[in-house]
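Here is protein_29.cif, consisting of mmCIF, C-alpha atoms:
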```cif
data_work
loop_
_atom_site.group_PDB
_atom_site.id
_atom_site.type_symbol
_atom_site.label_atom_id
_atom_site.label_comp_id
_atom_site.auth_asym_id
_atom_site.auth_seq_id
_atom_site.Cartn_x
_atom_site.Cartn_y
_atom_site.Cartn_z
ATOM 1 C CA MET X 64 18.770 9.378 -10.044
ATOM 2 C CA ASN X 65 16.124 9.790 -7.352
ATOM 3 C CA ASP X 66 17.591 9.099 -3.905
ATOM 4 C CA THR X 67 14.395 7.402 -2.725
ATOM 5 C CA PHE X 68 12.437 4.355 -3.850
ATOM 6 C CA ASP X 69 9.400 4.843 -6.080
ATOM 7 C CA HIS X 70 7.658 1.573 -5.142
ATOM 8 C CA ILE X 71 8.613 -0.958 -2.503
ATOM 9 C CA ILE X 72 6.691 -4.219 -2.746
ATOM 10 C CA ILE X 73 6.667 -5.646 0.784
ATOM 11 C CA ASN X 74 6.040 -9.371 0.941
ATOM 12 C CA GLY X 75 6.286 -12.010 3.635
ATOM 13 C CA ARG X 76 4.258 -14.312 5.837
ATOM 14 C CA PRO X 77 1.517 -12.886 8.083
ATOM 15 C CA GLY X 78 3.130 -11.900 11.343
ATOM 16 C CA GLY X 79 6.519 -11.717 9.673
ATOM 17 C CA GLY X 80 7.099 -8.081 10.529
ATOM 18 C CA LYS X 81 5.643 -6.044 7.650
ATOM 19 C CA SER X 82 3.536 -3.869 9.948
ATOM 20 C CA GLU X 83 6.396 -3.445 12.408
ATOM 21 C CA LEU X 84 8.719 -2.317 9.615
ATOM 22 C CA ILE X 85 6.211 0.254 8.423
ATOM 23 C CA ASP X 86 5.545 1.483 11.964
ATOM 24 C CA PHE X 87 9.295 1.816 12.571
ATOM 25 C CA ILE X 88 9.855 3.823 9.385
ATOM 26 C CA LEU X 89 6.880 6.107 10.014
ATOM 27 C CA LYS X 90 8.340 6.995 13.420
ATOM 28 C CA THR X 91 11.672 7.903 11.813
ATOM 29 C CA PRO X 92 12.005 11.639 10.990
ATOM 30 C CA LEU X 93 11.766 12.268 7.264
ATOM 31 C CA ASP X 94 15.321 13.556 6.809
ATOM 32 C CA LYS X 95 16.779 10.553 8.627
ATOM 33 C CA ARG X 96 14.369 8.253 6.789
ATOM 34 C CA ARG X 97 15.616 9.482 3.425
ATOM 35 C CA GLU X 98 19.250 9.202 4.467
ATOM 36 C CA LEU X 99 19.140 5.773 6.107
ATOM 37 C CA PHE X 100 16.284 4.015 4.339
ATOM 38 C CA HIS X 101 15.916 5.893 1.016
ATOM 39 C CA ILE X 102 12.201 6.356 1.652
ATOM 40 C CA GLY X 103 10.233 9.583 1.206
ATOM 41 C CA ASP X 104 6.736 10.448 2.348
ATOM 42 C CA ILE X 105 4.922 7.122 2.417
ATOM 43 C CA VAL X 106 1.609 6.163 0.853
ATOM 44 C CA PHE X 107 0.194 2.664 1.174
ATOM 45 C CA GLU X 108 -1.604 0.177 -1.008
ATOM 46 C CA ASP X 109 -2.510 -2.969 0.952
ATOM 47 C CA ASP X 110 -4.921 -5.533 -0.453
ATOM 48 C CA PHE X 111 -6.015 -6.525 3.053
ATOM 49 C CA ILE X 112 -8.154 -3.371 3.087
ATOM 50 C CA TRP X 113 -9.972 -4.383 -0.100
ATOM 51 C CA LEU X 114 -10.498 -7.911 1.164
ATOM 52 C CA TRP X 115 -11.904 -6.611 4.431
ATOM 53 C CA GLU X 116 -14.302 -4.330 2.556
ATOM 54 C CA LYS X 117 -15.631 -7.308 0.580
ATOM 55 C CA PHE X 118 -16.123 -9.283 3.773
ATOM 56 C CA GLN X 119 -18.011 -6.379 5.311
ATOM 57 C CA GLU X 120 -20.170 -6.229 2.191
ATOM 58 C CA ASP X 121 -21.021 -9.854 2.946
ATOM 59 C CA ASP X 122 -22.348 -8.711 6.318
ATOM 60 C CA LEU X 123 -24.630 -6.257 4.522
ATOM 61 C CA TRP X 124 -25.849 -8.930 2.087
ATOM 62 C CA GLU X 125 -26.589 -11.150 5.069
ATOM 63 C CA GLU X 126 -28.554 -8.381 6.770
ATOM 64 C CA LEU X 127 -30.632 -8.121 3.578
ATOM 65 C CA GLY X 128 -31.423 -11.817 3.758
ATOM 66 C CA ARG X 129 -29.077 -12.772 0.934
ATOM 67 C CA GLU X 130 -26.244 -15.315 0.861
ATOM 68 C CA ARG X 131 -22.695 -14.210 1.600
ATOM 69 C CA LEU X 132 -20.547 -13.967 -1.555
ATOM 70 C CA TYR X 133 -16.957 -14.022 -0.349
ATOM 71 C CA SER X 134 -16.591 -15.167 3.243
ATOM 72 C CA ARG X 135 -17.960 -16.720 6.375
ATOM 73 C CA ARG X 136 -17.741 -15.227 9.820
ATOM 74 C CA HIS X 137 -15.051 -16.266 12.296
ATOM 75 C CA PRO X 138 -14.373 -15.126 15.887
ATOM 76 C CA LEU X 139 -11.140 -13.482 14.623
ATOM 77 C CA GLY X 140 -12.788 -11.920 11.568
ATOM 78 C CA TYR X 141 -13.617 -13.797 8.377
ATOM 79 C CA VAL X 142 -12.525 -16.831 6.376
ATOM 80 C CA GLN X 143 -12.543 -16.403 2.615
ATOM 81 C CA PHE X 144 -14.584 -18.778 0.455
ATOM 82 C CA ASP X 145 -12.883 -20.836 -2.230
ATOM 83 C CA ASP X 146 -14.407 -20.857 -5.703
ATOM 84 C CA GLN X 147 -14.771 -24.230 -7.405
ATOM 85 C CA ASN X 148 -14.110 -22.705 -10.822
ATOM 86 C CA SER X 149 -11.146 -20.552 -9.782
ATOM 87 C CA PRO X 150 -9.287 -20.979 -6.473
ATOM 88 C CA HIS X 151 -8.494 -17.331 -5.916
ATOM 89 C CA PRO X 152 -10.740 -14.947 -7.936
ATOM 90 C CA LEU X 153 -11.099 -12.398 -5.132
ATOM 91 C CA LEU X 154 -7.347 -12.195 -4.601
ATOM 92 C CA ASP X 155 -6.809 -11.858 -8.347
ATOM 93 C CA LEU X 156 -9.276 -8.982 -8.293
ATOM 94 C CA CYS X 157 -7.115 -7.351 -5.636
ATOM 95 C CA CYS X 158 -4.099 -7.688 -7.941
ATOM 96 C CA LYS X 159 -6.044 -5.846 -10.620
ATOM 97 C CA LYS X 160 -7.008 -3.192 -8.083
ATOM 98 C CA PHE X 161 -3.315 -2.577 -7.385
ATOM 99 C CA ASN X 162 -2.934 -1.749 -11.078
ATOM 100 C CA LEU X 163 -5.955 0.536 -11.132
ATOM 101 C CA ALA X 164 -5.146 2.381 -7.906
ATOM 102 C CA ILE X 165 -1.435 2.920 -8.539
ATOM 103 C CA LYS X 166 -1.899 4.087 -12.119
ATOM 104 C CA LYS X 167 -4.671 6.506 -11.178
ATOM 105 C CA LYS X 168 -3.254 7.942 -7.961
ATOM 106 C CA TYR X 169 0.507 7.955 -8.546
ATOM 107 C CA LEU X 170 1.799 7.074 -11.995
ATOM 108 C CA SER X 171 -0.482 9.703 -13.524
ATOM 109 C CA LYS X 172 1.343 12.429 -11.545
ATOM 110 C CA PRO X 173 4.894 12.894 -12.917
ATOM 111 C CA ASP X 174 6.185 14.853 -9.900
ATOM 112 C CA PHE X 175 4.696 12.554 -7.269
ATOM 113 C CA TYR X 176 7.815 10.408 -6.926
ATOM 114 C CA ASN X 177 10.087 13.372 -6.249
ATOM 115 C CA ASP X 178 9.235 13.104 -2.577
ATOM 116 C CA HIS X 179 7.016 10.031 -2.126
ATOM 117 C CA THR X 180 7.464 6.268 -1.861
ATOM 118 C CA VAL X 181 4.576 3.861 -2.446
ATOM 119 C CA PHE X 182 4.457 0.755 -0.246
ATOM 120 C CA ILE X 183 2.646 -2.128 -1.962
ATOM 121 C CA GLU X 184 1.899 -4.810 0.621
ATOM 122 C CA PHE X 185 0.491 -8.320 0.232
ATOM 123 C CA ALA X 186 1.062 -11.923 1.291
ATOM 124 C CA ARG X 187 0.407 -14.977 -0.883
ATOM 125 C CA GLY X 188 0.669 -18.661 -0.132
ATOM 126 C CA MET X 189 0.863 -21.434 -2.693
ATOM 127 C CA ALA X 190 -2.870 -22.102 -2.313
ATOM 128 C CA ASP X 191 -3.398 -18.794 -4.130
ATOM 129 C CA GLY X 192 -0.673 -19.134 -6.725
ATOM 130 C CA GLY X 193 2.220 -17.722 -4.715
ATOM 131 C CA TYR X 194 4.058 -14.466 -5.337
ATOM 132 C CA ARG X 195 4.858 -15.266 -8.954
ATOM 133 C CA HIS X 196 1.136 -15.300 -9.693
ATOM 134 C CA VAL X 197 0.715 -11.771 -8.321
ATOM 135 C CA TYR X 198 3.815 -10.417 -10.047
ATOM 136 C CA ASP X 199 2.513 -11.784 -13.337
ATOM 137 C CA ILE X 200 -0.675 -9.728 -12.917
ATOM 138 C CA LEU X 201 0.964 -6.454 -11.859
ATOM 139 C CA ASP X 202 1.286 -3.900 -14.650
ATOM 140 C CA ASP X 203 4.638 -3.398 -16.373
ATOM 141 C CA GLU X 204 4.792 0.275 -15.431
ATOM 142 C CA ILE X 205 4.410 -0.615 -11.765
ATOM 143 C CA LEU X 206 7.083 -3.298 -11.909
ATOM 144 C CA LYS X 207 9.578 -1.061 -13.719
ATOM 145 C CA ARG X 208 9.544 1.318 -10.738
ATOM 146 C CA SER X 209 9.463 -1.370 -8.050
ATOM 147 C CA ALA X 210 11.853 -3.176 -5.763
ATOM 148 C CA ILE X 211 10.818 -6.142 -3.626
ATOM 149 C CA LEU X 212 11.591 -6.521 0.076
ATOM 150 C CA TYR X 213 10.735 -10.004 1.314
ATOM 151 C CA ILE X 214 10.636 -10.213 5.105
ATOM 152 C CA LYS X 215 11.592 -13.775 5.934
ATOM 153 C CA VAL X 216 10.395 -15.710 8.954
ATOM 154 C CA SER X 217 9.588 -19.377 9.405
ATOM 155 C CA TYR X 218 6.053 -20.707 9.453
ATOM 156 C CA ALA X 219 6.518 -21.473 13.157
ATOM 157 C CA GLU X 220 7.435 -17.830 13.819
ATOM 158 C CA SER X 221 4.454 -16.665 11.776
ATOM 159 C CA ARG X 222 2.176 -18.781 13.949
ATOM 160 C CA ARG X 223 3.838 -17.555 17.138
ATOM 161 C CA LYS X 224 3.426 -13.917 16.136
ATOM 162 C CA ASN X 225 -0.182 -14.505 15.137
ATOM 163 C CA GLU X 226 -0.957 -15.877 18.596
ATOM 164 C CA ALA X 227 0.881 -12.930 20.181
ATOM 165 C CA ARG X 228 -1.216 -10.549 18.108
ATOM 166 C CA TYR X 229 -4.380 -12.257 19.297
ATOM 167 C CA GLN X 230 -3.296 -11.637 22.870
ATOM 168 C CA GLU X 231 -2.439 -8.018 22.034
ATOM 169 C CA SER X 232 -5.869 -7.588 20.436
ATOM 170 C CA LEU X 233 -7.342 -8.006 23.890
ATOM 171 C CA LYS X 234 -5.359 -4.897 24.853
ATOM 172 C CA GLY X 235 -6.221 -2.902 21.737
ATOM 173 C CA SER X 236 -2.736 -2.772 20.195
ATOM 174 C CA ILE X 237 -2.387 -1.051 16.806
ATOM 175 C CA LEU X 238 -0.491 -4.095 15.495
ATOM 176 C CA SER X 239 -3.004 -6.642 16.762
ATOM 177 C CA HIS X 240 -4.673 -7.818 13.532
ATOM 178 C CA SER X 241 -4.407 -11.581 13.971
ATOM 179 C CA CYS X 242 -5.623 -14.158 11.437
ATOM 180 C CA PRO X 243 -7.957 -17.119 11.812
ATOM 181 C CA ASP X 244 -5.958 -20.349 11.737
ATOM 182 C CA GLU X 245 -7.393 -21.358 8.349
ATOM 183 C CA THR X 246 -6.305 -18.046 6.874
ATOM 184 C CA LEU X 247 -2.843 -18.330 8.368
ATOM 185 C CA VAL X 248 -2.360 -21.777 6.848
ATOM 186 C CA ARG X 249 -3.558 -20.489 3.484
ATOM 187 C CA PHE X 250 -1.227 -17.503 3.348
ATOM 188 C CA SER X 251 1.692 -18.722 5.415
ATOM 189 C CA SER X 252 2.309 -22.457 5.434
ATOM 190 C CA GLU X 253 3.953 -22.551 1.980
ATOM 191 C CA ASP X 254 5.052 -19.882 -0.472
ATOM 192 C CA ASP X 255 7.284 -19.764 -3.539
ATOM 193 C CA TRP X 256 9.828 -17.180 -2.382
ATOM 194 C CA GLU X 257 12.770 -19.572 -2.141
ATOM 195 C CA GLU X 258 12.108 -20.700 -5.694
ATOM 196 C CA LEU X 259 11.744 -17.146 -7.017
ATOM 197 C CA SER X 260 14.849 -15.856 -5.238
ATOM 198 C CA GLY X 261 16.936 -18.962 -5.795
ATOM 199 C CA GLY X 262 17.658 -18.840 -2.063
ATOM 200 C CA LYS X 263 19.756 -15.691 -2.553
ATOM 201 C CA GLU X 264 19.867 -12.699 -0.251
ATOM 202 C CA CYS X 265 19.534 -10.293 -3.149
ATOM 203 C CA GLY X 266 19.357 -10.139 -6.913
ATOM 204 C CA PHE X 267 16.756 -9.751 -9.646
ATOM 205 C CA ILE X 268 13.552 -11.575 -10.532
ATOM 206 C CA ASP X 269 12.674 -11.682 -14.221
ATOM 207 C CA ILE X 270 9.023 -10.800 -14.732
ATOM 208 C CA ARG X 271 8.063 -10.635 -18.413
ATOM 209 C CA GLY X 272 11.578 -9.436 -19.231
ATOM 210 C CA ILE X 273 11.577 -6.786 -16.476
ATOM 211 C CA GLN X 274 14.427 -7.252 -13.993
ATOM 212 C CA VAL X 275 12.909 -6.429 -10.619
ATOM 213 C CA PRO X 276 15.459 -6.102 -7.774
ATOM 214 C CA PHE X 277 14.840 -7.904 -4.517
ATOM 215 C CA VAL X 278 16.315 -8.357 -1.069
ATOM 216 C CA THR X 279 15.429 -11.083 1.402
ATOM 217 C CA MET X 280 15.582 -9.733 4.953
ATOM 218 C CA PRO X 281 15.695 -12.434 7.668
ATOM 219 C CA ASN X 282 13.597 -11.203 10.577
ATOM 220 C CA GLU X 283 14.376 -13.794 13.238
ATOM 221 C CA PRO X 284 15.059 -13.489 16.082
ATOM 222 C CA GLU X 285 12.441 -10.803 16.635
ATOM 223 C CA LEU X 286 13.862 -7.438 17.668
ATOM 224 C CA LYS X 287 11.549 -4.949 19.338
ATOM 225 C CA SER X 288 13.740 -1.828 19.145
ATOM 226 C CA GLY X 289 17.267 -0.505 19.463
ATOM 227 C CA PRO X 290 20.347 -0.191 17.270
ATOM 228 C CA GLU X 291 20.278 -3.837 16.129
ATOM 229 C CA LEU X 292 16.811 -3.383 14.638
ATOM 230 C CA ASP X 293 17.860 -0.102 13.056
ATOM 231 C CA ALA X 294 20.869 -1.844 11.516
ATOM 232 C CA ARG X 295 18.745 -4.751 10.228
ATOM 233 C CA TYR X 296 16.346 -2.458 8.378
ATOM 234 C CA SER X 297 19.051 -0.068 7.196
ATOM 235 C CA ARG X 298 21.219 -2.841 5.776
ATOM 236 C CA ALA X 299 18.346 -4.440 3.861
ATOM 237 C CA LEU X 300 17.025 -1.194 2.403
ATOM 238 C CA THR X 301 20.483 0.126 1.520
ATOM 239 C CA LEU X 302 21.266 -3.152 -0.217
ATOM 240 C CA LEU X 303 17.975 -2.955 -2.083
ATOM 241 C CA LYS X 304 18.519 0.668 -3.119
ATOM 242 C CA GLY X 305 21.920 -0.284 -4.535
ATOM 243 C CA LEU X 306 20.170 -2.642 -6.957
ATOM 244 C CA VAL X 307 17.761 -0.023 -8.297
ATOM 245 C CA LYS X 308 18.887 1.325 -11.663
#
```
Reformat the file's structure so that it appears as C-alpha coordinates.
Amino acid sequence: MNDTFDHIIINGRPGGGKSELIDFILKTPLDKRRELFHIGDIVFEDDFIWLWEKFQEDDLWEELGRERLYSRRHPLGYVQFDDQNSPHPLLDLCCKKFNLAIKKKYLSKPDFYNDHTVFIEFARGMADGGYRHVYDILDDEILKRSAILYIKVSYAESRRKNEARYQESLKGSILSHSCPDETLVRFSSEDDWEELSGGKECGFIDIRGIQVPFVTMPNEPELKSGPELDARYSRALTLLKGLVK
(Lines of atoms letter the chains of each structure in order from A and count residues from 1; the text may use other names and numbers.)
(Lines give C-alpha, C1' and ligand atoms only; values in the text may rest on other atoms or scores of the structure.)
Protein backbone atom coordinates (compact mmCIF):
# COMPACT_ATOMS: atom_id res chain seq x y z
CA MET A 1 0.00 0.00 0.00
CA ASN A 2 1.28 3.46 -0.90
CA ASP A 3 2.38 5.34 2.23
CA THR A 4 1.05 8.65 0.88
CA PHE A 5 -2.37 9.90 -0.17
CA ASP A 6 -3.27 9.92 -3.86
CA HIS A 7 -5.94 12.65 -3.63
CA ILE A 8 -6.90 14.79 -0.67
CA ILE A 9 -10.11 16.75 -1.18
CA ILE A 10 -9.80 19.81 1.07
CA ASN A 11 -13.10 21.42 1.95
CA GLY A 12 -14.20 24.07 4.41
CA ARG A 13 -15.48 27.61 4.71
CA PRO A 14 -13.51 30.49 3.16
CA GLY A 15 -11.00 31.64 5.72
CA GLY A 16 -11.21 28.32 7.51
CA GLY A 17 -7.54 27.51 7.13
CA LYS A 18 -7.18 25.63 3.82
CA SER A 19 -4.45 27.95 2.54
CA GLU A 20 -2.66 27.93 5.88
CA LEU A 21 -2.66 24.12 5.94
CA ILE A 22 -1.19 23.97 2.45
CA ASP A 23 1.42 26.63 3.26
CA PHE A 24 2.40 24.73 6.42
CA ILE A 25 2.81 21.42 4.58
CA LEU A 26 4.79 22.99 1.73
CA LYS A 27 7.27 24.37 4.28
CA THR A 28 7.72 20.91 5.80
CA PRO A 29 10.70 18.97 4.35
CA LEU A 30 9.56 16.16 2.08
CA ASP A 31 10.89 13.31 4.22
CA LYS A 32 9.20 14.68 7.33
CA ARG A 33 6.07 15.46 5.31
CA ARG A 34 5.79 11.85 4.19
CA GLU A 35 6.40 10.52 7.69
CA LEU A 36 4.08 12.84 9.62
CA PHE A 37 1.42 13.77 7.09
CA HIS A 38 1.55 10.96 4.48
CA ILE A 39 1.85 13.52 1.69
CA GLY A 40 4.29 13.40 -1.22
CA ASP A 41 5.19 16.08 -3.73
CA ILE A 42 2.07 18.22 -3.97
CA VAL A 43 0.16 19.34 -7.04
CA PHE A 44 -2.95 21.48 -6.78
CA GLU A 45 -6.33 21.69 -8.42
CA ASP A 46 -8.35 24.63 -7.06
CA ASP A 47 -11.51 25.81 -8.78
CA PHE A 48 -10.94 29.36 -7.55
CA ILE A 49 -8.36 29.72 -10.33
CA TRP A 50 -10.89 28.75 -13.01
CA LEU A 51 -13.51 31.07 -11.56
CA TRP A 52 -11.04 33.94 -11.50
CA GLU A 53 -10.12 33.30 -15.13
CA LYS A 54 -13.79 33.53 -16.13
CA PHE A 55 -14.17 36.79 -14.24
CA GLN A 56 -11.11 38.19 -15.98
CA GLU A 57 -12.61 37.12 -19.30
CA ASP A 58 -15.58 39.28 -18.33
CA ASP A 59 -13.20 42.23 -18.10
CA LEU A 60 -12.08 41.53 -21.66
CA TRP A 61 -15.67 41.26 -22.91
CA GLU A 62 -16.38 44.59 -21.23
CA GLU A 63 -13.38 46.19 -22.91
CA LEU A 64 -14.81 44.99 -26.24
CA GLY A 65 -18.09 46.71 -25.49
CA ARG A 66 -19.95 43.50 -24.70
CA GLU A 67 -21.93 42.51 -21.60
CA ARG A 68 -20.23 40.60 -18.81
CA LEU A 69 -21.19 36.90 -18.76
CA TYR A 70 -20.31 35.66 -15.30
CA SER A 71 -19.68 38.45 -12.81
CA ARG A 72 -19.80 42.06 -11.79
CA ARG A 73 -16.91 44.03 -10.42
CA HIS A 74 -16.43 44.56 -6.69
CA PRO A 75 -13.73 46.48 -4.76
CA LEU A 76 -12.48 43.11 -3.40
CA GLY A 77 -12.65 41.36 -6.78
CA TYR A 78 -15.84 40.06 -8.37
CA VAL A 79 -19.30 38.83 -7.44
CA GLN A 80 -20.61 35.92 -9.49
CA PHE A 81 -23.91 36.26 -11.35
CA ASP A 82 -26.76 33.87 -10.62
CA ASP A 83 -28.50 32.21 -13.56
CA GLN A 84 -32.29 32.19 -13.52
CA ASN A 85 -32.40 28.80 -15.23
CA SER A 86 -29.70 27.14 -13.12
CA PRO A 87 -28.39 28.61 -9.84
CA HIS A 88 -24.82 27.45 -10.21
CA PRO A 89 -23.86 26.58 -13.83
CA LEU A 90 -20.38 28.11 -13.61
CA LEU A 91 -19.55 26.19 -10.44
CA ASP A 92 -20.87 22.99 -12.00
CA LEU A 93 -18.56 23.64 -14.94
CA CYS A 94 -15.69 23.83 -12.47
CA CYS A 95 -16.69 20.41 -11.11
CA LYS A 96 -16.47 19.04 -14.63
CA LYS A 97 -13.09 20.70 -15.06
CA PHE A 98 -11.82 18.81 -12.00
CA ASN A 99 -12.70 15.60 -13.83
CA LEU A 100 -11.03 16.68 -17.05
CA ALA A 101 -7.86 18.03 -15.44
CA ILE A 102 -7.26 15.18 -13.01
CA LYS A 103 -7.88 12.45 -15.57
CA LYS A 104 -5.61 14.08 -18.14
CA LYS A 105 -2.74 15.19 -15.92
CA TYR A 106 -2.58 12.49 -13.23
CA LEU A 107 -4.77 9.42 -13.62
CA SER A 108 -3.37 8.87 -17.11
CA LYS A 109 0.13 8.42 -15.63
CA PRO A 110 0.32 5.13 -13.66
CA ASP A 111 3.55 6.01 -11.82
CA PHE A 112 2.53 9.54 -10.88
CA TYR A 113 1.12 8.57 -7.49
CA ASN A 114 4.30 6.82 -6.39
CA ASP A 115 5.61 10.13 -5.13
CA HIS A 116 2.85 12.72 -5.59
CA THR A 117 -0.32 13.78 -3.79
CA VAL A 118 -3.04 15.81 -5.53
CA PHE A 119 -4.82 18.44 -3.44
CA ILE A 120 -8.34 19.12 -4.72
CA GLU A 121 -9.65 22.30 -3.09
CA PHE A 122 -13.09 23.91 -3.17
CA ALA A 123 -15.75 25.44 -0.93
CA ARG A 124 -19.50 25.13 -1.46
CA GLY A 125 -22.41 26.64 0.41
CA MET A 126 -25.99 25.46 0.25
CA ALA A 127 -26.82 28.18 -2.28
CA ASP A 128 -24.76 26.16 -4.77
CA GLY A 129 -25.93 22.70 -3.78
CA GLY A 130 -23.46 22.03 -0.98
CA TYR A 131 -20.65 19.49 -0.97
CA ARG A 132 -22.89 16.57 -1.86
CA HIS A 133 -23.66 18.26 -5.17
CA VAL A 134 -19.96 18.47 -6.06
CA TYR A 135 -19.20 14.92 -4.93
CA ASP A 136 -22.03 13.68 -7.13
CA ILE A 137 -20.36 15.28 -10.17
CA LEU A 138 -16.80 14.10 -9.48
CA ASP A 139 -15.75 11.07 -11.52
CA ASP A 140 -15.71 7.63 -9.89
CA GLU A 141 -12.02 7.13 -10.59
CA ILE A 142 -11.20 10.34 -8.75
CA LEU A 143 -13.36 9.44 -5.76
CA LYS A 144 -11.91 5.93 -5.47
CA ARG A 145 -8.47 7.44 -4.84
CA SER A 146 -9.66 10.29 -2.62
CA ALA A 147 -9.97 11.10 1.05
CA ILE A 148 -11.76 14.20 2.33
CA LEU A 149 -10.35 16.59 4.92
CA TYR A 150 -12.98 19.07 6.08
CA ILE A 151 -11.48 22.01 7.97
CA LYS A 152 -14.16 23.12 10.39
CA VAL A 153 -14.65 26.66 11.62
CA SER A 154 -17.79 28.58 12.49
CA TYR A 155 -19.34 31.14 10.18
CA ALA A 156 -18.31 33.84 12.66
CA GLU A 157 -14.68 32.68 12.44
CA SER A 158 -14.88 32.60 8.65
CA ARG A 159 -16.04 36.22 8.67
CA ARG A 160 -13.34 37.22 11.15
CA LYS A 161 -10.60 35.62 9.05
CA ASN A 162 -11.97 37.22 5.90
CA GLU A 163 -11.72 40.67 7.49
CA ALA A 164 -8.19 39.85 8.71
CA ARG A 165 -7.24 38.86 5.18
CA TYR A 166 -8.56 42.15 3.86
CA GLN A 167 -6.30 43.96 6.29
CA GLU A 168 -3.37 41.74 5.29
CA SER A 169 -4.08 42.48 1.62
CA LEU A 170 -3.06 46.05 2.32
CA LYS A 171 0.35 44.64 3.29
CA GLY A 172 0.63 42.25 0.35
CA SER A 173 0.43 38.98 2.30
CA ILE A 174 0.48 35.74 0.28
CA LEU A 175 -2.60 34.54 2.19
CA SER A 176 -4.57 37.76 1.72
CA HIS A 177 -7.24 36.72 -0.80
CA SER A 178 -10.36 38.01 0.95
CA CYS A 179 -13.91 37.64 -0.38
CA PRO A 180 -16.63 40.21 -1.01
CA ASP A 181 -19.31 39.93 1.67
CA GLU A 182 -21.88 38.58 -0.81
CA THR A 183 -19.48 35.84 -1.84
CA LEU A 184 -18.69 34.95 1.75
CA VAL A 185 -22.37 34.57 2.58
CA ARG A 186 -22.87 32.41 -0.50
CA PHE A 187 -20.03 30.01 0.23
CA SER A 188 -19.86 30.16 4.01
CA SER A 189 -23.10 30.93 5.81
CA GLU A 190 -24.55 27.41 5.42
CA ASP A 191 -23.16 24.13 4.14
CA ASP A 192 -24.19 20.48 4.34
CA TRP A 193 -21.10 19.04 6.03
CA GLU A 194 -22.80 18.17 9.31
CA GLU A 195 -25.46 16.27 7.41
CA LEU A 196 -22.94 14.44 5.22
CA SER A 197 -20.66 13.51 8.12
CA GLY A 198 -23.44 12.78 10.58
CA GLY A 199 -21.58 15.08 12.97
CA LYS A 200 -18.77 12.51 13.29
CA GLU A 201 -15.08 13.25 13.48
CA CYS A 202 -14.28 10.57 10.93
CA GLY A 203 -15.85 7.84 8.86
CA PHE A 204 -17.01 7.26 5.29
CA ILE A 205 -19.38 9.07 2.95
CA ASP A 206 -21.22 6.90 0.45
CA ILE A 207 -21.07 8.44 -3.01
CA ARG A 208 -22.68 6.24 -5.67
CA GLY A 209 -21.60 3.16 -3.71
CA ILE A 210 -18.01 4.41 -3.26
CA GLN A 211 -17.00 4.68 0.40
CA VAL A 212 -14.92 7.85 0.60
CA PRO A 213 -13.08 8.33 3.92
CA PHE A 214 -13.28 11.66 5.69
CA VAL A 215 -11.98 13.46 8.74
CA THR A 216 -13.39 16.65 10.22
CA MET A 217 -10.58 18.78 11.64
CA PRO A 218 -11.75 21.54 14.03
CA ASN A 219 -9.58 24.59 13.39
CA GLU A 220 -10.60 26.87 16.24
CA PRO A 221 -8.98 28.48 18.10
CA GLU A 222 -6.63 29.65 15.36
CA LEU A 223 -3.03 28.55 15.83
CA LYS A 224 -0.33 30.43 13.95
CA SER A 225 2.60 28.03 14.50
CA GLY A 226 4.30 25.75 17.00
CA PRO A 227 3.93 22.19 18.23
CA GLU A 228 0.17 22.48 18.88
CA LEU A 229 -0.47 23.32 15.23
CA ASP A 230 1.85 20.53 14.13
CA ALA A 231 -0.06 18.10 16.35
CA ARG A 232 -3.45 19.30 15.04
CA TYR A 233 -2.51 18.68 11.42
CA SER A 234 -0.62 15.46 12.13
CA ARG A 235 -3.48 13.94 14.11
CA ALA A 236 -6.07 14.72 11.44
CA LEU A 237 -3.99 13.46 8.53
CA THR A 238 -2.84 10.33 10.37
CA LEU A 239 -6.44 9.56 11.27
CA LEU A 240 -7.46 10.09 7.66
CA LYS A 241 -4.65 7.91 6.30
CA GLY A 242 -5.76 5.10 8.63
CA LEU A 243 -9.13 5.07 6.86
CA VAL A 244 -7.67 4.73 3.36
CA LYS A 245 -7.86 1.15 2.10
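Comparing X:Asp104, X:Gly75, X:Leu300, X:Asp178 by their smallest distance to Pro92 (chain X), the closest is X:Asp104 (using only C-alpha atoms).
Residues matched by the PyMOL selection byres ((chain X and resi 99) around 10) in this structure: Thr91, Leu93, Asp94, Lys95, Arg96, Arg97, Glu98, Phe100, His101, Ile102, Asp293, Ala294, Tyr296, Ser297, Arg298, Leu300 and Thr301 of chain X.
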*asked:* Expand the PyMOL selection byres ((chain X and resi 84) around 12) into the explicit residue set it covers here, and present it as number ranges by chain.
replied: X: 73-75, 78-83, 85-91, 100, 182, 184, 212-214, 238, 280, 282, 285-288, 292-293, 295-297, 299-300
Just so the selection is clear, what residues does the PyMOL selection byres ((chain X and resi 179) around 8) cover here, as a PDB file with C-alpha atoms, keeping the file's coordinate frame?
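Saved to out-v7.pdb:
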```
ATOM      1  CA  THR X  67      14.395   7.402  -2.725  1.00  0.00           C
ATOM      2  CA  ASP X  69       9.400   4.843  -6.080  1.00  0.00           C
ATOM      3  CA  ILE X 102      12.201   6.356   1.652  1.00  0.00           C
ATOM      4  CA  GLY X 103      10.233   9.583   1.206  1.00  0.00           C
ATOM      5  CA  ASP X 104       6.736  10.448   2.348  1.00  0.00           C
ATOM      6  CA  ILE X 105       4.922   7.122   2.417  1.00  0.00           C
ATOM      7  CA  VAL X 106       1.609   6.163   0.853  1.00  0.00           C
ATOM      8  CA  PHE X 175       4.696  12.554  -7.269  1.00  0.00           C
ATOM      9  CA  TYR X 176       7.815  10.408  -6.926  1.00  0.00           C
ATOM     10  CA  ASN X 177      10.087  13.372  -6.249  1.00  0.00           C
ATOM     11  CA  ASP X 178       9.235  13.104  -2.577  1.00  0.00           C
ATOM     12  CA  THR X 180       7.464   6.268  -1.861  1.00  0.00           C
ATOM     13  CA  VAL X 181       4.576   3.861  -2.446  1.00  0.00           C
TER      14      VAL X 181
END
```
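Distances from X:Ile165, X:Leu153, X:Arg131, X:Pro77 to Asn225 (chain X) were compared using all atoms listed in the file, and the smallest one belongs to X:Pro77.
Relative to CA of Pro152 (chain X), CA of Glu108 (chain X) is found at 19.0 Å.
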*Which neighbours of Asp122 (chain X) fall inside 10 Å, counting only C-alpha atoms, when residues of the same chain fewer than 4 positions from it are skipped, and could you give them as a list in words?*
Glu116, Lys117, Phe118, Glu126, Leu127, Gly128, Arg129, Glu130, Arg131, Leu132, Ser134, Arg135 and Arg136 of chain X
_What does the structure give for the distance between CA of Ala210 (chain X) and CA of Asp155 (chain X), in Å to one decimal?_
20.7 Å
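Across the model, the gap from CA of Leu156 (chain X) to CA of Gly193 (chain X) is 14.9 Å.
With distances restricted to all atoms listed in the file, X:Phe111 is the closest residue to Ala186 (chain X) from X:Phe161, X:Phe111, X:Trp124, X:Tyr133.
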*asked:* Measuring between only C-alpha atoms, which one of X:Val307, X:Arg187, X:Ile273, X:Leu114 shows the shortest distance to Asn65 (chain X)?
replied: X:Val307
